[in-house]
file my_file.pdb (PDB, C-alpha atoms)
ATOM      1  CA  MET A   1     -11.209  65.024 -41.905
ATOM      2  CA  PRO A   2     -11.150  61.317 -42.874
ATOM      3  CA  SER A   3     -10.506  58.893 -40.035
ATOM      4  CA  ASP A   4      -7.164  57.151 -39.697
ATOM      5  CA  PRO A   5      -7.527  53.742 -41.416
ATOM      6  CA  SER A   6      -5.116  52.236 -38.877
ATOM      7  CA  THR A   7      -7.528  53.035 -36.035
ATOM      8  CA  PRO A   8      -9.878  50.116 -35.345
ATOM      9  CA  ALA A   9     -13.506  50.956 -35.922
ATOM     10  CA  GLU A  10     -15.885  51.110 -33.008
ATOM     11  CA  PRO A  11     -17.803  47.853 -32.571
ATOM     12  CA  LYS A  12     -21.119  47.999 -34.319
ATOM     13  CA  VAL A  13     -24.137  47.884 -32.019
ATOM     14  CA  VAL A  14     -26.271  44.828 -32.660
ATOM     15  CA  SER A  15     -29.965  44.807 -31.922
ATOM     16  CA  LEU A  16     -31.281  41.933 -29.828
ATOM     17  CA  ALA A  17     -33.929  41.569 -32.523
ATOM     18  CA  ASP A  18     -31.199  40.391 -34.918
ATOM     19  CA  GLU A  19     -31.199  36.813 -33.629
ATOM     20  CA  GLU A  20     -28.672  35.467 -36.117
ATOM     21  CA  LYS A  21     -26.093  38.156 -35.278
ATOM     22  CA  VAL A  22     -26.737  37.749 -31.545
ATOM     23  CA  ARG A  23     -26.092  33.996 -31.812
ATOM     24  CA  GLU A  24     -22.893  34.699 -33.747
ATOM     25  CA  ILE A  25     -21.631  37.096 -31.062
ATOM     26  CA  LEU A  26     -22.492  34.698 -28.238
ATOM     27  CA  ALA A  27     -20.777  31.790 -29.992
ATOM     28  CA  SER A  28     -17.574  33.741 -30.664
ATOM     29  CA  THR A  29     -17.542  35.115 -27.105
ATOM     30  CA  VAL A  30     -17.916  31.652 -25.579
ATOM     31  CA  MET A  31     -15.095  30.355 -27.783
ATOM     32  CA  ASN A  32     -12.884  33.220 -26.617
ATOM     33  CA  LEU A  33     -13.693  32.361 -22.998
ATOM     34  CA  TRP A  34     -12.651  28.745 -23.641
ATOM     35  CA  GLU A  35      -9.350  30.038 -24.995
ATOM     36  CA  VAL A  36      -8.768  31.810 -21.673
ATOM     37  CA  VAL A  37      -9.698  28.654 -19.727
ATOM     38  CA  ASN A  38      -7.451  26.487 -21.911
ATOM     39  CA  ASN A  39      -4.559  28.859 -21.359
ATOM     40  CA  LEU A  40      -5.034  28.806 -17.587
ATOM     41  CA  THR A  41      -5.151  24.998 -17.516
ATOM     42  CA  ARG A  42      -1.563  24.946 -18.769
ATOM     43  CA  LEU A  43      -0.474  26.074 -15.307
ATOM     44  CA  ARG A  44       0.758  23.403 -12.933
ATOM     45  CA  PRO A  45       1.807  23.753  -9.276
ATOM     46  CA  SER A  46       5.436  23.687  -8.268
ATOM     47  CA  ARG A  47       6.662  20.878  -6.037
ATOM     48  CA  ARG A  48       4.780  20.622  -2.770
ATOM     49  CA  GLU A  49       6.143  19.970   0.688
ATOM     50  CA  ARG A  50       3.826  16.972   1.107
ATOM     51  CA  TYR A  51       2.644  14.218  -1.213
ATOM     52  CA  ARG A  52      -1.096  14.328  -1.918
ATOM     53  CA  VAL A  53      -3.192  11.210  -2.374
ATOM     54  CA  ALA A  54      -6.648  11.595  -3.919
ATOM     55  CA  ILE A  55      -9.127   8.890  -2.942
ATOM     56  CA  PHE A  56     -12.176   8.328  -5.165
ATOM     57  CA  GLY A  57     -15.042   6.243  -3.803
ATOM     58  CA  SER A  58     -18.736   5.831  -3.099
ATOM     59  CA  ALA A  59     -20.835   8.339  -1.174
ATOM     60  CA  ARG A  60     -23.178   5.513  -0.112
ATOM     61  CA  ALA A  61     -20.979   3.298   2.080
ATOM     62  CA  LYS A  62     -21.833   3.504   5.780
ATOM     63  CA  PRO A  63     -19.502   3.801   8.779
ATOM     64  CA  GLY A  64     -18.811   0.430  10.326
ATOM     65  CA  THR A  65     -18.939  -1.503   7.050
ATOM     66  CA  PHE A  66     -15.826  -3.395   5.988
ATOM     67  CA  VAL A  67     -15.023  -1.140   3.030
ATOM     68  CA  TYR A  68     -15.525   2.043   5.079
ATOM     69  CA  GLU A  69     -13.179   0.883   7.827
ATOM     70  CA  GLU A  70     -10.545  -0.301   5.315
ATOM     71  CA  VAL A  71     -10.545   3.038   3.473
ATOM     72  CA  LYS A  72     -10.304   4.829   6.811
ATOM     73  CA  ARG A  73      -7.358   2.635   7.803
ATOM     74  CA  ALA A  74      -5.577   3.162   4.491
ATOM     75  CA  ALA A  75      -6.003   6.955   4.642
ATOM     76  CA  ALA A  76      -4.629   6.981   8.189
ATOM     77  CA  ALA A  77      -1.604   5.006   6.991
ATOM     78  CA  PHE A  78      -1.054   7.429   4.089
ATOM     79  CA  THR A  79      -1.179  10.351   6.502
ATOM     80  CA  GLN A  80       1.217   8.709   8.943
ATOM     81  CA  MET A  81       3.782   8.277   6.167
ATOM     82  CA  GLY A  82       3.596  12.009   5.384
ATOM     83  CA  CYS A  83       0.816  12.353   2.794
ATOM     84  CA  ASP A  84      -2.145  14.713   2.577
ATOM     85  CA  ILE A  85      -5.564  13.280   1.678
ATOM     86  CA  VAL A  86      -7.802  14.685  -1.076
ATOM     87  CA  THR A  87     -11.428  13.548  -1.526
ATOM     88  CA  GLY A  88     -14.706  14.787  -2.922
ATOM     89  CA  GLY A  89     -15.555  15.990   0.580
ATOM     90  CA  GLY A  90     -18.878  14.178   0.841
ATOM     91  CA  PRO A  91     -20.184  11.207   2.851
ATOM     92  CA  GLY A  92     -19.433   7.505   2.442
ATOM     93  CA  LEU A  93     -15.918   6.494   1.480
ATOM     94  CA  MET A  94     -14.936  10.136   1.008
ATOM     95  CA  GLN A  95     -15.735  10.667   4.682
ATOM     96  CA  ALA A  96     -13.892   7.458   5.575
ATOM     97  CA  ALA A  97     -10.729   8.808   3.933
ATOM     98  CA  ASN A  98     -10.992  12.217   5.591
ATOM     99  CA  GLU A  99     -11.779  10.550   8.923
ATOM    100  CA  GLY A 100      -8.723   8.325   8.597
ATOM    101  CA  ALA A 101      -6.537  11.365   7.996
ATOM    102  CA  ALA A 102      -8.087  13.186  10.967
ATOM    103  CA  SER A 103      -7.502  10.192  13.252
ATOM    104  CA  VAL A 104      -3.756  10.732  12.953
ATOM    105  CA  GLY A 105      -4.046  14.210  14.443
ATOM    106  CA  SER A 106      -2.357  17.240  12.937
ATOM    107  CA  ALA A 107       0.158  15.210  10.940
ATOM    108  CA  GLY A 108      -1.394  16.141   7.583
ATOM    109  CA  GLN A 109      -4.071  18.050   5.768
ATOM    110  CA  SER A 110      -7.402  16.621   4.686
ATOM    111  CA  MET A 111      -9.030  18.332   1.697
ATOM    112  CA  GLY A 112     -12.486  18.063   0.148
ATOM    113  CA  ILE A 113     -13.163  19.169  -3.444
ATOM    114  CA  ARG A 114     -16.937  19.376  -3.741
ATOM    115  CA  VAL A 115     -19.409  19.983  -6.539
ATOM    116  CA  GLU A 116     -22.825  21.618  -6.326
ATOM    117  CA  LEU A 117     -25.577  18.996  -6.647
ATOM    118  CA  PRO A 118     -29.378  19.261  -6.993
ATOM    119  CA  PHE A 119     -29.707  17.301  -3.746
ATOM    120  CA  GLU A 120     -28.043  18.471  -0.560
ATOM    121  CA  GLN A 121     -24.724  16.847   0.317
ATOM    122  CA  GLU A 122     -22.906  18.552   3.163
ATOM    123  CA  VAL A 123     -19.157  18.608   3.593
ATOM    124  CA  ASN A 124     -18.263  15.745   5.896
ATOM    125  CA  PRO A 125     -17.060  16.834   9.363
ATOM    126  CA  PHE A 126     -13.505  15.547   8.894
ATOM    127  CA  VAL A 127     -12.559  17.867   6.006
ATOM    128  CA  GLU A 128     -10.045  20.514   7.073
ATOM    129  CA  GLN A 129     -10.110  22.543   3.862
ATOM    130  CA  ALA A 130     -13.104  22.548   1.487
ATOM    131  CA  PHE A 131     -13.368  23.837  -2.074
ATOM    132  CA  GLU A 132     -16.659  24.338  -3.917
ATOM    133  CA  HIS A 133     -17.235  23.896  -7.663
ATOM    134  CA  LYS A 134     -20.270  24.538  -9.841
ATOM    135  CA  THR A 135     -19.387  21.890 -12.451
ATOM    136  CA  PHE A 136     -17.795  18.450 -12.550
ATOM    137  CA  PHE A 137     -15.398  19.715 -15.228
ATOM    138  CA  SER A 138     -13.702  22.351 -13.082
ATOM    139  CA  ARG A 139     -13.805  19.997 -10.078
ATOM    140  CA  LEU A 140     -12.004  17.232 -11.978
ATOM    141  CA  HIS A 141      -9.343  19.658 -13.132
ATOM    142  CA  HIS A 142      -8.854  20.721  -9.506
ATOM    143  CA  PHE A 143      -8.276  17.069  -8.576
ATOM    144  CA  VAL A 144      -5.663  16.831 -11.322
ATOM    145  CA  ILE A 145      -3.627  19.833 -10.210
ATOM    146  CA  ALA A 146      -4.010  19.043  -6.489
ATOM    147  CA  SER A 147      -2.990  15.370  -6.458
ATOM    148  CA  ASP A 148       0.186  13.315  -6.822
ATOM    149  CA  ALA A 149      -1.508   9.899  -6.766
ATOM    150  CA  PHE A 150      -5.018   8.533  -7.240
ATOM    151  CA  VAL A 151      -6.431   5.612  -5.267
ATOM    152  CA  VAL A 152      -9.796   4.337  -6.488
ATOM    153  CA  VAL A 153     -11.921   2.310  -4.079
ATOM    154  CA  PRO A 154     -15.416   0.871  -4.700
ATOM    155  CA  GLY A 155     -17.848   3.412  -6.079
ATOM    156  CA  GLY A 156     -20.655   4.132  -8.488
ATOM    157  CA  ILE A 157     -21.188   6.304 -11.553
ATOM    158  CA  GLY A 158     -19.504   9.382 -10.072
ATOM    159  CA  THR A 159     -16.432   7.367  -9.130
ATOM    160  CA  VAL A 160     -16.338   5.854 -12.629
ATOM    161  CA  LEU A 161     -16.480   9.354 -14.155
ATOM    162  CA  GLU A 162     -13.559  10.570 -12.057
ATOM    163  CA  THR A 163     -11.556   7.406 -12.653
ATOM    164  CA  LEU A 164     -11.923   7.284 -16.431
ATOM    165  CA  MET A 165     -11.079  10.976 -16.704
ATOM    166  CA  ILE A 166      -7.766  10.434 -14.917
ATOM    167  CA  TRP A 167      -7.146   7.263 -16.944
ATOM    168  CA  GLN A 168      -7.583   9.143 -20.219
ATOM    169  CA  LEU A 169      -5.399  12.059 -19.118
ATOM    170  CA  LEU A 170      -2.655   9.552 -18.356
ATOM    171  CA  GLN A 171      -3.270   7.799 -21.680
ATOM    172  CA  VAL A 172      -2.820  10.988 -23.734
ATOM    173  CA  ARG A 173      -0.002  12.199 -21.440
ATOM    174  CA  HIS A 174      -1.750  15.349 -20.311
ATOM    175  CA  VAL A 175      -0.850  13.954 -16.882
ATOM    176  CA  GLU A 176       2.402  12.037 -16.388
ATOM    177  CA  ASN A 177       4.219  10.191 -13.616
ATOM    178  CA  VAL A 178       1.084   9.957 -11.460
ATOM    179  CA  PRO A 179      -0.019   6.496 -10.280
ATOM    180  CA  LEU A 180      -3.630   5.402 -10.756
ATOM    181  CA  ILE A 181      -4.317   2.609  -8.272
ATOM    182  CA  PHE A 182      -7.489   0.499  -8.412
ATOM    183  CA  VAL A 183      -8.414  -1.332  -5.201
ATOM    184  CA  GLY A 184     -11.047  -4.048  -5.279
ATOM    185  CA  LYS A 185     -12.438  -6.734  -7.556
ATOM    186  CA  MET A 186     -14.919  -4.425  -9.273
ATOM    187  CA  TRP A 187     -12.068  -2.472 -10.852
ATOM    188  CA  THR A 188     -10.182  -5.602 -11.876
ATOM    189  CA  GLY A 189     -13.421  -6.625 -13.586
ATOM    190  CA  LEU A 190     -13.552  -3.282 -15.398
ATOM    191  CA  VAL A 191     -10.012  -3.680 -16.713
ATOM    192  CA  ASP A 192     -10.699  -7.309 -17.720
ATOM    193  CA  TRP A 193     -13.805  -6.147 -19.618
ATOM    194  CA  ALA A 194     -11.758  -3.434 -21.352
ATOM    195  CA  ARG A 195      -9.109  -5.952 -22.401
ATOM    196  CA  THR A 196     -11.729  -8.325 -23.810
ATOM    197  CA  SER A 197     -13.796  -5.666 -25.562
ATOM    198  CA  MET A 198     -11.181  -3.130 -26.641
ATOM    199  CA  LEU A 199      -8.378  -5.470 -27.676
ATOM    200  CA  ASP A 200     -10.513  -7.751 -29.846
ATOM    201  CA  PRO A 201      -8.279  -8.373 -32.891
ATOM    202  CA  ARG A 202     -11.296  -8.062 -35.169
ATOM    203  CA  LEU A 203     -11.700  -4.433 -34.116
ATOM    204  CA  PRO A 204      -8.944  -3.157 -31.793
ATOM    205  CA  LEU A 205     -10.180  -0.047 -29.976
ATOM    206  CA  ALA A 206      -7.212   0.695 -27.704
ATOM    207  CA  ASN A 207      -3.485   0.122 -27.411
ATOM    208  CA  PRO A 208      -2.519  -2.729 -25.056
ATOM    209  CA  GLU A 209      -0.210  -0.409 -23.070
ATOM    210  CA  ASP A 210      -3.146   1.909 -22.310
ATOM    211  CA  LEU A 211      -4.806  -0.889 -20.363
ATOM    212  CA  ASN A 212      -1.676  -1.306 -18.255
ATOM    213  CA  ILE A 213      -1.995   2.226 -16.846
ATOM    214  CA  PRO A 214      -4.130   1.306 -13.798
ATOM    215  CA  ILE A 215      -2.416  -0.668 -11.056
ATOM    216  CA  CYS A 216      -4.987  -3.249  -9.946
ATOM    217  CA  LEU A 217      -4.769  -4.340  -6.299
ATOM    218  CA  ASP A 218      -7.013  -6.432  -4.079
ATOM    219  CA  THR A 219      -6.550  -5.049  -0.567
ATOM    220  CA  ALA A 220      -5.974  -1.912   1.470
ATOM    221  CA  ASP A 221      -2.637  -3.304   2.651
ATOM    222  CA  GLN A 222      -1.451  -3.586  -0.949
ATOM    223  CA  ALA A 223      -2.537   0.007  -1.601
ATOM    224  CA  ILE A 224      -0.651   1.184   1.489
ATOM    225  CA  ALA A 225       2.492  -0.598   0.311
ATOM    226  CA  ALA A 226       2.157   0.863  -3.197
ATOM    227  CA  ILE A 227       1.713   4.437  -1.955
ATOM    228  CA  ARG A 228       4.665   3.965   0.425
ATOM    229  CA  ASP A 229       6.850   3.110  -2.586
ATOM    230  CA  PHE A 230       5.577   5.976  -4.745
ATOM    231  CA  HIS A 231       5.888   8.425  -1.849
ATOM    232  CA  ALA A 232       9.481   7.357  -1.192
ATOM    233  CA  LYS A 233      10.380   7.884  -4.860
ATOM    234  CA  TRP A 234       8.686  11.300  -4.840
ATOM    235  CA  LYS A 235      10.610  12.327  -1.708
ATOM    236  CA  ALA A 236      13.899  11.215  -3.266
ATOM    237  CA  GLN A 237      13.220  13.486  -6.251
ATOM    238  CA  THR A 238      12.083  16.477  -4.161
ATOM    239  CA  PRO A 239      14.827  18.669  -2.661
ATOM    240  CA  SER A 240      13.432  19.716   0.706
ATOM    241  CA  SER A 241      15.001  23.145   0.529
ATOM    242  CA  ASP A 242      13.257  23.934  -2.758
ATOM    243  CA  ALA A 243       9.901  22.384  -2.010
ATOM    244  CA  LYS A 244       6.959  24.751  -1.993
ATOM    245  CA  SER A 245       3.381  24.151  -0.971
ATOM    246  CA  ILE A 246       0.382  25.292  -2.956
TER     247      ILE A 246
END
call {"tool": "encode", "arguments": {"input": "my_file.pdb", "output": "structure tokens"}}
result
Amino acid sequence: MPSDPSTPAEPKVVSLADEEKVREILASTVMNLWEVVNNLTRLRPSRRERYRVAIFGSARAKPGTFVYEEVKRAAAAFTQMGCDIVTGGGPGLMQAANEGAASVGSAGQSMGIRVELPFEQEVNPFVEQAFEHKTFFSRLHHFVIASDAFVVVPGGIGTVLETLMIWQLLQVRHVENVPLIFVGKMWTGLVDWARTSMLDPRLPLANPEDLNIPICLDTADQAIAAIRDFHAKWKAQTPSSDAKSI
């Protein structure tokens, strides 16, 4: 009896010796996996009970240095006003932020979103809740869905990667209504360089409004004041009875 033409045929077995067909199957399978990932990234958390401030900064700064103590002080102030702290969970200024949150007691939660590195980097002792990622890509997406504000303090290449990713997401409106706050002269210098290089009338490479996305500040006190304002606005828009934590 002939088979029903409406019934899909069984997938044809492909020999591993057929390298071209194997590559074709692997490529199509990977693309299908990306479709699943892209679909999942459309999900966003509902309103949380507490405002979350992500702090990006160097893993190299030592306790007792001026920048370490200022980041610690700022994170403590954020926590006292009712915010949770989110960092990369490592040493340096990440530890300073988590330590500042911990110094306030049980008033808030201190999170660390880590990535696996070829050199050992333990979770700092002040992280209350740690998450582990295999890649920077999934880690950065976790920062995006976990945070309501981003405060960038002095840092190196890793901090630049995180910062520019958030900047671009805000530029293309994949993320909206989330402040990106730069603290320190090095970041003002970055924005000044971008204005000079990207807004050259001979070859404009960006829109002027895109370079207004970061809020450039000089001191920890200014960052504390800015987050206090953003937090107050967030609270005014968040009905307490409907707020849910994720």
call {"tool": "axis_aligned_box", "arguments": {"input": "my_file.pdb", "around": "region 97-114 of chain A", "padding_each_side": "3 Å", "output": "lines of an AutoDock Vina configuration file"}}
result
center_x = -8.4
center_y = 13.9
center_z = 5.4
size_x = 23.1
size_y = 17.1
size_z = 24.2
call {"tool": "resolve_selection", "arguments": {"input": "my_file.pdb", "expression": "the PyMOL selection byres ((chain A and resi 177) around 10)", "output": "ChimeraX atom specification"}}
result
/A:148-149,170,173,175-176,178-180,230,234
call {"tool": "resolve_selection", "arguments": {"input": "my_file.pdb", "expression": "the PyMOL selection byres ((chain A and resi 164) around 12)", "output": "PDB file with C-alpha atoms, in the coordinates of the input"}}
result
ATOM      1  CA  PHE A  56     -12.176   8.328  -5.165  1.00  0.00           C
ATOM      2  CA  LEU A 140     -12.004  17.232 -11.978  1.00  0.00           C
ATOM      3  CA  PHE A 150      -5.018   8.533  -7.240  1.00  0.00           C
ATOM      4  CA  VAL A 152      -9.796   4.337  -6.488  1.00  0.00           C
ATOM      5  CA  ILE A 157     -21.188   6.304 -11.553  1.00  0.00           C
ATOM      6  CA  GLY A 158     -19.504   9.382 -10.072  1.00  0.00           C
ATOM      7  CA  THR A 159     -16.432   7.367  -9.130  1.00  0.00           C
ATOM      8  CA  VAL A 160     -16.338   5.854 -12.629  1.00  0.00           C
ATOM      9  CA  LEU A 161     -16.480   9.354 -14.155  1.00  0.00           C
ATOM     10  CA  GLU A 162     -13.559  10.570 -12.057  1.00  0.00           C
ATOM     11  CA  THR A 163     -11.556   7.406 -12.653  1.00  0.00           C
ATOM     12  CA  MET A 165     -11.079  10.976 -16.704  1.00  0.00           C
ATOM     13  CA  ILE A 166      -7.766  10.434 -14.917  1.00  0.00           C
ATOM     14  CA  TRP A 167      -7.146   7.263 -16.944  1.00  0.00           C
ATOM     15  CA  GLN A 168      -7.583   9.143 -20.219  1.00  0.00           C
ATOM     16  CA  LEU A 169      -5.399  12.059 -19.118  1.00  0.00           C
ATOM     17  CA  LEU A 170      -2.655   9.552 -18.356  1.00  0.00           C
ATOM     18  CA  GLN A 171      -3.270   7.799 -21.680  1.00  0.00           C
ATOM     19  CA  LEU A 180      -3.630   5.402 -10.756  1.00  0.00           C
ATOM     20  CA  PHE A 182      -7.489   0.499  -8.412  1.00  0.00           C
ATOM     21  CA  TRP A 187     -12.068  -2.472 -10.852  1.00  0.00           C
ATOM     22  CA  LEU A 190     -13.552  -3.282 -15.398  1.00  0.00           C
ATOM     23  CA  VAL A 191     -10.012  -3.680 -16.713  1.00  0.00           C
ATOM     24  CA  ALA A 194     -11.758  -3.434 -21.352  1.00  0.00           C
ATOM     25  CA  ASP A 210      -3.146   1.909 -22.310  1.00  0.00           C
ATOM     26  CA  LEU A 211      -4.806  -0.889 -20.363  1.00  0.00           C
ATOM     27  CA  ILE A 213      -1.995   2.226 -16.846  1.00  0.00           C
ATOM     28  CA  PRO A 214      -4.130   1.306 -13.798  1.00  0.00           C
TER      29      PRO A 214
END
call {"tool": "atom_distance", "arguments": {"input": "my_file.pdb", "atom1": "CA of Glu49 (chain A)", "atom2": "CA of Glu69 (chain A)"}}
result
28.1 Å
call {"tool": "atom_distance", "arguments": {"input": "my_file.pdb", "atom1": "CA of Arg52 (chain A)", "atom2": "CA of Arg139 (chain A)"}}
result
16.1 Å
call {"tool": "atom_distance", "arguments": {"input": "my_file.pdb", "atom1": "CA of Met94 (chain A)", "atom2": "CA of Gly112 (chain A)"}}
result
8.3 Å
call {"tool": "closest_residue", "arguments": {"input": "my_file.pdb", "among": "A:Ser197, A:Asn207, A:Thr188, A:Gln129", "to": "Val172 (chain A)", "atoms": "all atoms listed in the file"}}
result
A:Asn207
call {"tool": "residues_around", "arguments": {"input": "my_file.pdb", "residues": "Leu93 (chain A)", "least_positions_apart": "3", "cutoff": "7 Å", "atoms": "all atoms listed in the file", "output": "MDAnalysis selection string"}}
result
chainID A and resid 57:59 61 68 71 96:97
call {"tool": "residues_near_point", "arguments": {"input": "my_file.pdb", "point": "(6.1, 10.8, -0.3)", "cutoff": "7 Å", "atoms": "only C-alpha atoms", "output": "list in words"}}
result
Arg50, Tyr51, Gly82, Cys83, Phe230, His231, Ala232, Lys233, Trp234 and Lys235 of chain A
call {"tool": "residues_around", "arguments": {"input": "my_file.pdb", "residues": "region 12-16 of chain A", "least_positions_apart": "6", "cutoff": "10 Å", "atoms": "all atoms listed in the file", "output": "PDB file with C-alpha atoms, keeping the file's coordinate frame"}}
result
ATOM      1  CA  VAL A  22     -26.737  37.749 -31.545  1.00  0.00           C
ATOM      2  CA  ARG A  23     -26.092  33.996 -31.812  1.00  0.00           C
ATOM      3  CA  ILE A  25     -21.631  37.096 -31.062  1.00  0.00           C
TER       4      ILE A  25
END
call {"tool": "closest_residue", "arguments": {"input": "my_file.pdb", "among": "A:Val67, A:Ile113, A:Val30, A:Ala223", "to": "Thr135 (chain A)", "atoms": "only C-alpha atoms"}}
result
A:Ile113
call {"tool": "resolve_selection", "arguments": {"input": "my_file.pdb", "expression": "the PyMOL selection byres ((chain A and resi 85) around 10)", "output": "MDAnalysis selection string"}}
result
chainID A and resid 51:55 75:76 78:79 82:84 86:87 94 97:102 108:112 127 147 149
call {"tool": "decode", "arguments": {"input": "my_file.pdb", "residues": "region 186-203 of chain A", "atoms": "N, CA and C atoms", "output": "PDB file, in the first residue's frame"}}
result
ATOM      1  N   MET A 186      37.546  59.178  33.786  1.00  0.00           N
ATOM      2  CA  MET A 186      37.877  58.320  32.648  1.00  0.00           C
ATOM      3  C   MET A 186      36.677  58.133  31.724  1.00  0.00           C
ATOM      4  N   TRP A 187      35.479  58.118  32.300  1.00  0.00           N
ATOM      5  CA  TRP A 187      34.287  57.921  31.469  1.00  0.00           C
ATOM      6  C   TRP A 187      33.882  59.213  30.780  1.00  0.00           C
ATOM      7  N   THR A 188      34.083  60.346  31.438  1.00  0.00           N
ATOM      8  CA  THR A 188      33.861  61.626  30.766  1.00  0.00           C
ATOM      9  C   THR A 188      34.787  61.738  29.565  1.00  0.00           C
ATOM     10  N   GLY A 189      36.028  61.273  29.736  1.00  0.00           N
ATOM     11  CA  GLY A 189      36.981  61.266  28.622  1.00  0.00           C
ATOM     12  C   GLY A 189      36.521  60.389  27.485  1.00  0.00           C
ATOM     13  N   LEU A 190      35.911  59.241  27.813  1.00  0.00           N
ATOM     14  CA  LEU A 190      35.404  58.343  26.768  1.00  0.00           C
ATOM     15  C   LEU A 190      34.298  59.018  25.961  1.00  0.00           C
ATOM     16  N   VAL A 191      33.378  59.669  26.663  1.00  0.00           N
ATOM     17  CA  VAL A 191      32.268  60.334  25.979  1.00  0.00           C
ATOM     18  C   VAL A 191      32.791  61.511  25.154  1.00  0.00           C
ATOM     19  N   ASP A 192      33.765  62.262  25.687  1.00  0.00           N
ATOM     20  CA  ASP A 192      34.352  63.370  24.930  1.00  0.00           C
ATOM     21  C   ASP A 192      35.020  62.845  23.658  1.00  0.00           C
ATOM     22  N   TRP A 193      35.737  61.728  23.772  1.00  0.00           N
ATOM     23  CA  TRP A 193      36.370  61.120  22.592  1.00  0.00           C
ATOM     24  C   TRP A 193      35.311  60.722  21.571  1.00  0.00           C
ATOM     25  N   ALA A 194      34.206  60.125  22.040  1.00  0.00           N
ATOM     26  CA  ALA A 194      33.142  59.701  21.135  1.00  0.00           C
ATOM     27  C   ALA A 194      32.536  60.905  20.411  1.00  0.00           C
ATOM     28  N   ARG A 195      32.332  61.993  21.144  1.00  0.00           N
ATOM     29  CA  ARG A 195      31.764  63.189  20.508  1.00  0.00           C
ATOM     30  C   ARG A 195      32.703  63.726  19.427  1.00  0.00           C
ATOM     31  N   THR A 196      33.996  63.761  19.734  1.00  0.00           N
ATOM     32  CA  THR A 196      34.966  64.288  18.769  1.00  0.00           C
ATOM     33  C   THR A 196      35.092  63.380  17.544  1.00  0.00           C
ATOM     34  N   SER A 197      35.149  62.081  17.789  1.00  0.00           N
ATOM     35  CA  SER A 197      35.419  61.134  16.705  1.00  0.00           C
ATOM     36  C   SER A 197      34.175  60.731  15.930  1.00  0.00           C
ATOM     37  N   MET A 198      33.046  60.598  16.621  1.00  0.00           N
ATOM     38  CA  MET A 198      31.844  60.072  15.979  1.00  0.00           C
ATOM     39  C   MET A 198      30.920  61.150  15.424  1.00  0.00           C
ATOM     40  N   LEU A 199      31.105  62.381  15.869  1.00  0.00           N
ATOM     41  CA  LEU A 199      30.253  63.466  15.386  1.00  0.00           C
ATOM     42  C   LEU A 199      31.014  64.412  14.455  1.00  0.00           C
ATOM     43  N   ASP A 200      32.135  63.967  13.938  1.00  0.00           N
ATOM     44  CA  ASP A 200      32.888  64.750  12.962  1.00  0.00           C
ATOM     45  C   ASP A 200      31.992  64.983  11.737  1.00  0.00           C
ATOM     46  N   PRO A 201      31.711  66.232  11.394  1.00  0.00           N
ATOM     47  CA  PRO A 201      30.800  66.503  10.277  1.00  0.00           C
ATOM     48  C   PRO A 201      31.272  65.940   8.944  1.00  0.00           C
ATOM     49  N   ARG A 202      32.562  65.672   8.834  1.00  0.00           N
ATOM     50  CA  ARG A 202      33.066  65.085   7.587  1.00  0.00           C
ATOM     51  C   ARG A 202      32.628  63.638   7.429  1.00  0.00           C
ATOM     52  N   LEU A 203      32.416  62.964   8.557  1.00  0.00           N
ATOM     53  CA  LEU A 203      31.958  61.573   8.525  1.00  0.00           C
ATOM     54  C   LEU A 203      31.222  61.281   9.828  1.00  0.00           C
TER      55      LEU A 203
END
